[in-house]
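Note: the block below is input_30.cif and it holds mmCIF, C-alpha atoms and all ligand atoms.
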```
data_structure
#
loop_
_atom_site.label_atom_id
_atom_site.label_comp_id
_atom_site.auth_asym_id
_atom_site.auth_seq_id
_atom_site.Cartn_x
_atom_site.Cartn_y
_atom_site.Cartn_z
CA MET H 909 -110.14 7.13 66.88
CA THR H 910 -107.80 9.18 69.06
CA LYS H 911 -106.50 7.35 72.07
CA LEU H 912 -105.65 9.59 74.98
CA THR H 913 -103.28 8.87 77.84
CA ILE H 914 -103.75 10.57 81.18
CA ILE H 915 -100.54 11.21 83.08
CA VAL H 916 -100.86 12.17 86.73
CA ALA H 917 -99.15 11.95 90.09
CA ALA H 918 -101.74 11.43 92.82
CA THR H 919 -101.87 10.49 96.49
CA LEU H 920 -103.83 7.50 97.82
CA THR H 921 -106.82 9.82 98.24
CA ASN H 922 -106.23 11.26 94.73
CA GLY H 923 -104.78 14.58 95.82
CA ILE H 924 -102.91 16.24 92.94
CA GLY H 925 -102.42 19.88 93.89
CA GLN H 926 -102.19 22.49 96.59
CA ASN H 927 -102.26 26.29 96.19
CA SER H 928 -102.15 25.99 92.39
CA ARG H 929 -99.03 23.91 92.34
CA LEU H 930 -97.80 20.38 92.88
CA PRO H 931 -97.76 19.46 96.61
CA TRP H 932 -94.28 17.86 96.31
CA ARG H 933 -90.99 18.37 94.53
CA LEU H 934 -89.76 15.11 93.05
CA ALA H 935 -86.98 15.62 90.51
CA LYS H 936 -86.84 12.03 89.26
CA GLU H 937 -90.60 11.78 89.04
CA MET H 938 -90.62 14.99 87.01
CA SER H 939 -87.91 13.61 84.70
CA TYR H 940 -90.08 10.54 84.13
CA PHE H 941 -92.96 12.87 83.17
CA ALA H 942 -90.71 14.85 80.83
CA ARG H 943 -89.18 11.76 79.23
CA ILE H 944 -92.35 9.79 78.66
CA THR H 945 -94.30 12.75 77.30
CA SER H 946 -91.39 13.77 75.01
CA SER H 947 -90.55 10.32 73.57
CA ALA H 948 -91.70 10.17 69.97
CA PRO H 949 -90.24 8.71 66.77
CA GLU H 950 -87.86 10.92 64.78
CA GLY H 951 -89.82 13.54 62.87
CA SER H 952 -92.91 13.40 65.07
CA MET H 953 -93.98 14.92 68.38
CA ASN H 954 -96.42 14.10 71.13
CA ALA H 955 -99.12 16.49 72.27
CA VAL H 956 -99.55 17.57 75.88
CA ILE H 957 -103.10 18.77 76.41
CA MET H 958 -103.79 20.83 79.52
CA GLY H 959 -106.24 23.18 81.15
CA ARG H 960 -105.41 26.84 81.62
CA ASN H 961 -104.62 26.54 85.34
CA THR H 962 -102.12 23.75 84.64
CA TRP H 963 -100.48 25.85 81.91
CA GLU H 964 -100.07 28.72 84.37
CA SER H 965 -98.69 26.35 87.03
CA ILE H 966 -95.74 25.29 84.85
CA PRO H 967 -92.67 27.37 85.72
CA LYS H 968 -92.15 30.04 83.03
CA LYS H 969 -88.72 28.72 82.16
CA PHE H 970 -90.24 25.32 81.27
CA ARG H 971 -93.23 26.45 79.22
CA PRO H 972 -94.11 25.72 76.60
CA LEU H 973 -92.92 22.21 77.41
CA SER H 974 -90.09 21.59 74.94
CA LYS H 975 -90.19 18.95 72.19
CA ARG H 976 -93.95 18.60 72.64
CA VAL H 977 -96.95 20.22 71.00
CA ASN H 978 -98.59 22.20 73.81
CA VAL H 979 -102.38 22.43 73.67
CA VAL H 980 -104.03 24.71 76.23
CA ILE H 981 -107.78 24.75 76.82
CA SER H 982 -109.57 27.80 78.22
CA SER H 983 -113.27 28.50 77.83
CA ASN H 984 -112.45 32.20 78.29
CA LYS H 985 -112.33 33.45 74.69
CA GLN H 986 -110.48 36.57 75.86
CA TYR H 987 -107.69 34.54 77.42
CA GLU H 988 -104.35 35.34 75.87
CA MET H 989 -101.27 33.29 76.36
CA PRO H 990 -98.86 35.10 78.63
CA PRO H 991 -96.34 37.02 76.47
CA ASP H 992 -93.39 34.88 77.62
CA THR H 993 -94.75 32.37 75.11
CA ALA H 994 -93.16 34.55 72.43
CA THR H 995 -89.97 32.58 73.04
CA VAL H 996 -91.13 29.94 70.61
CA THR H 997 -89.37 26.82 71.70
CA ALA H 998 -92.28 24.48 71.04
CA PRO H 999 -95.65 24.87 69.29
CA VAL H 1000 -98.53 26.11 71.44
CA PHE H 1001 -102.21 26.04 70.49
CA LEU H 1002 -105.00 27.64 72.46
CA HIS H 1003 -108.49 26.14 72.22
CA SER H 1004 -111.76 27.19 73.80
CA SER H 1005 -113.09 23.66 74.28
CA LEU H 1006 -111.94 20.10 74.68
CA GLU H 1007 -113.84 19.12 71.52
CA THR H 1008 -111.99 21.53 69.23
CA ALA H 1009 -108.70 20.74 70.92
CA LEU H 1010 -109.09 17.00 70.33
CA ASP H 1011 -110.32 17.55 66.81
CA ARG H 1012 -107.33 19.62 65.80
CA THR H 1013 -104.83 17.44 67.60
CA SER H 1014 -105.95 14.31 65.82
CA HIS H 1015 -105.97 15.76 62.30
CA SER H 1016 -104.34 19.14 62.40
CA GLU H 1017 -103.62 21.22 59.33
CA LYS H 1018 -101.09 23.29 61.24
CA LEU H 1019 -99.39 20.28 62.73
CA GLN H 1020 -98.98 18.75 59.25
CA THR H 1021 -99.31 15.31 60.77
CA SER H 1022 -101.18 14.19 63.83
CA ALA H 1023 -99.42 13.93 67.15
CA HIS H 1024 -97.72 10.61 67.84
CA ARG H 1025 -99.27 10.28 71.31
CA SER H 1026 -101.65 12.64 73.08
CA PHE H 1027 -101.23 13.11 76.82
CA ILE H 1028 -103.78 14.74 79.09
CA ILE H 1029 -101.62 16.43 81.72
CA GLY H 1030 -104.33 17.98 83.90
CA GLY H 1031 -105.76 19.43 85.88
CA ALA H 1032 -108.70 18.00 87.75
CA SER H 1033 -111.45 19.25 85.45
CA LEU H 1034 -109.68 18.12 82.28
CA TYR H 1035 -109.07 14.69 83.84
CA ARG H 1036 -112.78 14.54 84.72
CA ASP H 1037 -113.97 15.67 81.27
CA THR H 1038 -111.71 13.30 79.35
CA LEU H 1039 -112.45 10.30 81.60
CA ALA H 1040 -116.14 10.93 80.89
CA LEU H 1041 -115.73 10.65 77.09
CA PRO H 1042 -117.70 7.54 76.11
CA PRO H 1043 -115.68 4.66 74.60
CA SER H 1044 -117.78 5.06 71.45
CA SER H 1045 -116.70 8.68 70.86
CA SER H 1046 -113.93 9.72 68.48
CA SER H 1047 -111.50 10.26 71.35
CA CYS H 1048 -111.27 8.27 74.52
CA VAL H 1049 -108.89 7.76 77.44
CA ASP H 1050 -107.65 4.16 77.31
CA ARG H 1051 -104.53 4.52 79.46
CA VAL H 1052 -103.54 6.17 82.72
CA LEU H 1053 -99.90 6.61 83.69
CA LEU H 1054 -100.37 6.98 87.42
CA THR H 1055 -97.57 7.84 89.78
CA ARG H 1056 -99.06 6.79 93.08
CA ILE H 1057 -97.77 8.87 95.97
CA LEU H 1058 -97.84 6.37 98.83
CA SER H 1059 -96.58 8.48 101.72
CA PRO H 1060 -96.83 10.90 103.31
CA ALA H 1061 -100.58 11.41 102.89
CA PHE H 1062 -100.39 15.08 101.75
CA GLU H 1063 -103.71 15.79 103.45
CA GLN H 1064 -103.38 19.51 102.72
CA CYS H 1065 -104.15 18.96 99.00
CA ASP H 1066 -106.90 21.22 97.67
CA VAL H 1067 -107.31 19.67 94.21
CA TYR H 1068 -108.23 16.04 93.55
CA MET H 1069 -108.43 13.93 90.43
CA PRO H 1070 -111.52 11.76 89.90
CA ASP H 1071 -111.28 8.32 91.45
CA PHE H 1072 -111.15 6.62 88.06
CA LEU H 1073 -110.48 3.18 89.56
CA SER H 1074 -113.67 3.20 91.64
CA ALA H 1075 -115.93 5.07 89.22
CA ALA H 1076 -118.39 2.93 87.30
CA SER H 1077 -117.04 2.35 83.83
CA GLU H 1078 -118.25 0.33 80.88
CA SER H 1079 -114.87 -1.28 80.64
CA PRO H 1080 -112.93 -1.99 83.80
CA TRP H 1081 -109.44 -0.65 84.43
CA ARG H 1082 -106.68 -3.20 84.69
CA ARG H 1083 -103.19 -2.62 86.02
CA SER H 1084 -100.41 -3.42 83.54
CA THR H 1085 -97.31 -5.29 84.56
CA HIS H 1086 -94.09 -3.34 84.98
CA GLU H 1087 -92.80 -5.00 81.80
CA GLU H 1088 -95.82 -3.67 79.86
CA LEU H 1089 -95.20 -0.18 81.23
CA GLN H 1090 -91.56 -0.26 80.10
CA THR H 1091 -92.45 -1.60 76.67
CA TRP H 1092 -94.98 1.19 76.16
CA ALA H 1093 -92.58 3.81 77.55
CA GLY H 1094 -89.71 2.56 75.42
CA PHE H 1095 -87.17 2.97 78.22
CA GLU H 1096 -86.33 1.46 81.60
CA VAL H 1097 -88.62 2.65 84.36
CA PRO H 1098 -87.66 2.11 88.02
CA GLU H 1099 -89.77 -0.68 89.51
CA GLY H 1100 -91.29 -0.82 92.98
CA VAL H 1101 -91.43 1.81 95.68
CA GLN H 1102 -89.25 4.86 94.94
CA GLU H 1103 -88.17 7.40 97.51
CA GLU H 1104 -87.18 11.05 97.05
CA ASN H 1105 -87.10 13.73 99.77
CA GLY H 1106 -88.86 11.35 102.15
CA VAL H 1107 -91.72 10.82 99.69
CA GLN H 1108 -92.54 7.26 98.62
CA TYR H 1109 -94.14 6.63 95.28
CA GLU H 1110 -94.58 4.04 92.53
CA PHE H 1111 -94.88 4.22 88.73
CA GLN H 1112 -98.02 2.44 87.52
CA MET H 1113 -99.86 1.99 84.23
CA TRP H 1114 -103.56 1.21 83.91
CA THR H 1115 -105.45 0.44 80.71
CA ARG H 1116 -109.03 -0.31 79.70
N1 LIG C 1201 -97.68 13.58 85.94
C1 LIG C 1201 -96.71 13.12 86.73
N2 LIG C 1201 -96.44 11.82 86.73
N3 LIG C 1201 -95.99 13.94 87.48
C2 LIG C 1201 -96.21 15.28 87.47
O1 LIG C 1201 -95.52 16.01 88.20
C3 LIG C 1201 -97.23 15.82 86.65
N4 LIG C 1201 -97.47 17.16 86.59
C4 LIG C 1201 -98.42 17.60 85.78
C5 LIG C 1201 -99.16 16.68 85.04
N5 LIG C 1201 -98.94 15.37 85.09
C6 LIG C 1201 -97.96 14.92 85.90
C7 LIG C 1201 -98.72 19.05 85.66
N6 LIG C 1201 -97.75 19.92 86.26
C8 LIG C 1201 -93.95 20.67 84.67
C9 LIG C 1201 -94.39 21.33 85.81
C10 LIG C 1201 -95.66 21.08 86.33
C11 LIG C 1201 -96.49 20.16 85.71
C12 LIG C 1201 -96.05 19.51 84.58
C13 LIG C 1201 -94.77 19.76 84.06
C14 LIG C 1201 -92.60 20.94 84.13
O2 LIG C 1201 -91.99 21.94 84.41
N7 LIG C 1201 -92.05 20.01 83.33
C15 LIG C 1201 -90.75 20.05 82.67
C16 LIG C 1201 -89.69 19.36 83.49
C17 LIG C 1201 -88.95 20.28 84.36
C18 LIG C 1201 -87.92 19.56 85.21
O3 LIG C 1201 -87.21 18.66 84.70
O4 LIG C 1201 -87.83 19.90 86.39
C19 LIG C 1201 -90.85 19.24 81.39
O5 LIG C 1201 -90.01 19.47 80.51
O6 LIG C 1201 -91.72 18.37 81.30
#
```
Produce structure tokens that represent the structure in this file.
Ligand code: FOL
Amino acid sequence: MTKLTIIVAATLTNGIGQNSRLPWRLAKEMSYFARITSSAPEGSMNAVIMGRNTWESIPKKFRPLSKRVNVVISSNKQYEMPPDTATVTAPVFLHSSLETALDRTSHSEKLQTSAHRSFIIGGASLYRDTLALPPSSSSCVDRVLLTRILSPAFEQCDVYMPDFLSAASESPWRRSTHEELQTWAGFEVPEGVQEENGVQYEFQMWTR
């Protein structure tokens, strides 16, 4: 049973992107993303699983995301990783479907051991596909690390994540306490409304 954690920053109307990039620039929020997805016990690594558009949206100097196993999904069998990936700073795997990606991430030959934690880092279609995995299947999303962007509204977003909190689900989502979030993260996470560049947001964790 592979447990998957979605990590996402989304507005109150679930906006996550605009013109193939993040609608905001929040340095501390991005450090939280980097720290939580990179934190793994000595000798192990987490996996960051993403769709092809998300891979291409990561600035070249940051991809592959360091200290994490990068798993990219593209149904286009001709898709080749951009050549800048030759600078092998972190392992990168390309898969043509979510099923094979999850399969290999949970018991990979190449990885030697399985990933410590597996994070789904977007985008919208990968969030949708993974949220739809039934709880009975071999992999399932049981946790969402949601950074809720409270204001401004960012109405110009052109990509939205599914409204997982309102969608009918066999098991309801419950918001963790801030203490539970910190315990799972393994480090101190700022509590309450944060502000950067005039943008207000809050770190939340939801489980089911
Ligand atoms: N989740 C949250 N909470 N915030 C995000 O910004 C976010 N972004 C994505 C997925 N989940 C998210 C997808 N987009 C980088 C860039 C875009 C991106 C994900 C990661 C990136 O460059 N990350 C670097 C940090 C660079 C820095 O410190 O500025 C990394 O090492 O993780």
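Closest approach to Arg1051 in chain H among H:Pro1080, H:Gly925, H:Pro1098, H:Gly951 is made by H:Pro1080 (distances from all atoms listed in the file).
CA of Arg960 in chain H is found 28.6 Å from CA of Glu1104 in chain H.
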statement: Computed gap from CA of Ala935 in chain H to CA of Phe970 in chain H is 13.8 Å
- prompt: Residues at most 9 Å from Ile915 in chain H, counting only C-alpha atoms, excluding those fewer than 2 positions away in the same chain, as a list in words?
  reply: Thr913, Ala917, Phe941, Thr945, Phe1027, Ile1028, Ile1029, Gly1030, Arg1051, Val1052, Leu1053, Leu1054 and Thr1055 of chain H
Among listed residues H:Ser1004, H:Thr910, H:Thr919, H:Asn954, nearest Val1107 in chain H (using all atoms listed in the file): H:Thr919
message: Please list as a list in words every residue within 8 Å of range 1086-1097 of chain H, counting all atoms listed in the file and excluding residues in the same chain fewer than 6 positions away.
response: Ile944, Ser947, Phe1111, Gln1112 and Met1113 of chain H
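Taking atom C19 of ligand LIG 1201 (chain C) and CA of Ser974 in chain H as the two end points, the separation is 6.9 Å.
Distances from H:Ala1061, H:Leu920, H:Met1069, H:Val956 to Thr1013 in chain H were compared using all atoms listed in the file, and the smallest one belongs to H:Val956.
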field: Selected residue, from H:Ile981, H:Leu1010, H:Ile966, H:Ala998, that lies nearest to Ser1046 in chain H when counting only C-alpha atoms
entry: H:Leu1010
Residue neighbourhood Arg929 in chain H, 12 Å, only C-alpha atoms, exclusion window fewer than 2 positions, as a list of chain:residue names: H:Gly923, H:Ile924, H:Gly925, H:Gln926, H:Asn927, H:Pro931, H:Trp932, H:Arg933, H:Asn961, H:Thr962, H:Trp963, H:Glu964, H:Ser965, H:Ile966, H:Pro967, H:Gly1030, H:Gly1031, H:Cys1065, H:Asp1066, H:Val1067
message: When you count only C-alpha atoms, which of these residues is closest to Cys1048 in chain H: H:Glu1007, H:Glu988, H:Glu1099, H:Asp1071?
response: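 Closest candidate: H:Glu1007.
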message: Would you pick out the contacts of Ser1079 in chain H at 12 Å or less, using all atoms listed in the file, so that residues sharing its chain but fewer than 3 positions from it are not included, and give the list as JSON, numbers by chain?
response: {"H": [1039, 1042, 1043, 1044, 1048, 1049, 1050, 1051, 1072, 1073, 1074, 1075, 1076, 1082, 1115, 1116]}
- request: Select, from H:Lys911, H:Arg1083, H:Lys975, H:Arg1036, the residue with the minimum atom-to-atom distance to ligand LIG 1201 (chain C), counting all atoms listed in the file.
  value: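 When distances to ligand LIG 1201 (chain C) are compared using all atoms listed in the file, the smallest one comes from H:Lys975.
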So that all listed atoms of range 961-976 of chain H fit with 8 Å spare on each side, what axis-aligned box centre and edge lengths in Å, to one decimal, would you give as JSON?
```
{"center_x": -96.7, "center_y": 24.3, "center_z": 79.6, "size_x": 31.9, "size_y": 27.4, "size_z": 30.8}
```
task: Show which residues sit within 7 Å of Ala955 in chain H, as a ChimeraX atom specification. Count all atoms listed in the file, and ignore same-chain residues fewer than 3 positions away.
output: /H:976-979,1023,1025-1027
Save the residues we just selected, C-alpha atoms, as a PDB file, in the coordinates of the input?
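Result saved to selection24.pdb:
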```
ATOM      1  CA  ARG H 976     -93.950  18.600  72.640  1.00  0.00           C
ATOM      2  CA  VAL H 977     -96.950  20.220  71.000  1.00  0.00           C
ATOM      3  CA  ASN H 978     -98.590  22.200  73.810  1.00  0.00           C
ATOM      4  CA  VAL H 979    -102.380  22.430  73.670  1.00  0.00           C
ATOM      5  CA  ALA H1023     -99.420  13.930  67.150  1.00  0.00           C
ATOM      6  CA  ARG H1025     -99.270  10.280  71.310  1.00  0.00           C
ATOM      7  CA  SER H1026    -101.650  12.640  73.080  1.00  0.00           C
ATOM      8  CA  PHE H1027    -101.230  13.110  76.820  1.00  0.00           C
TER       9      PHE H1027
END
```
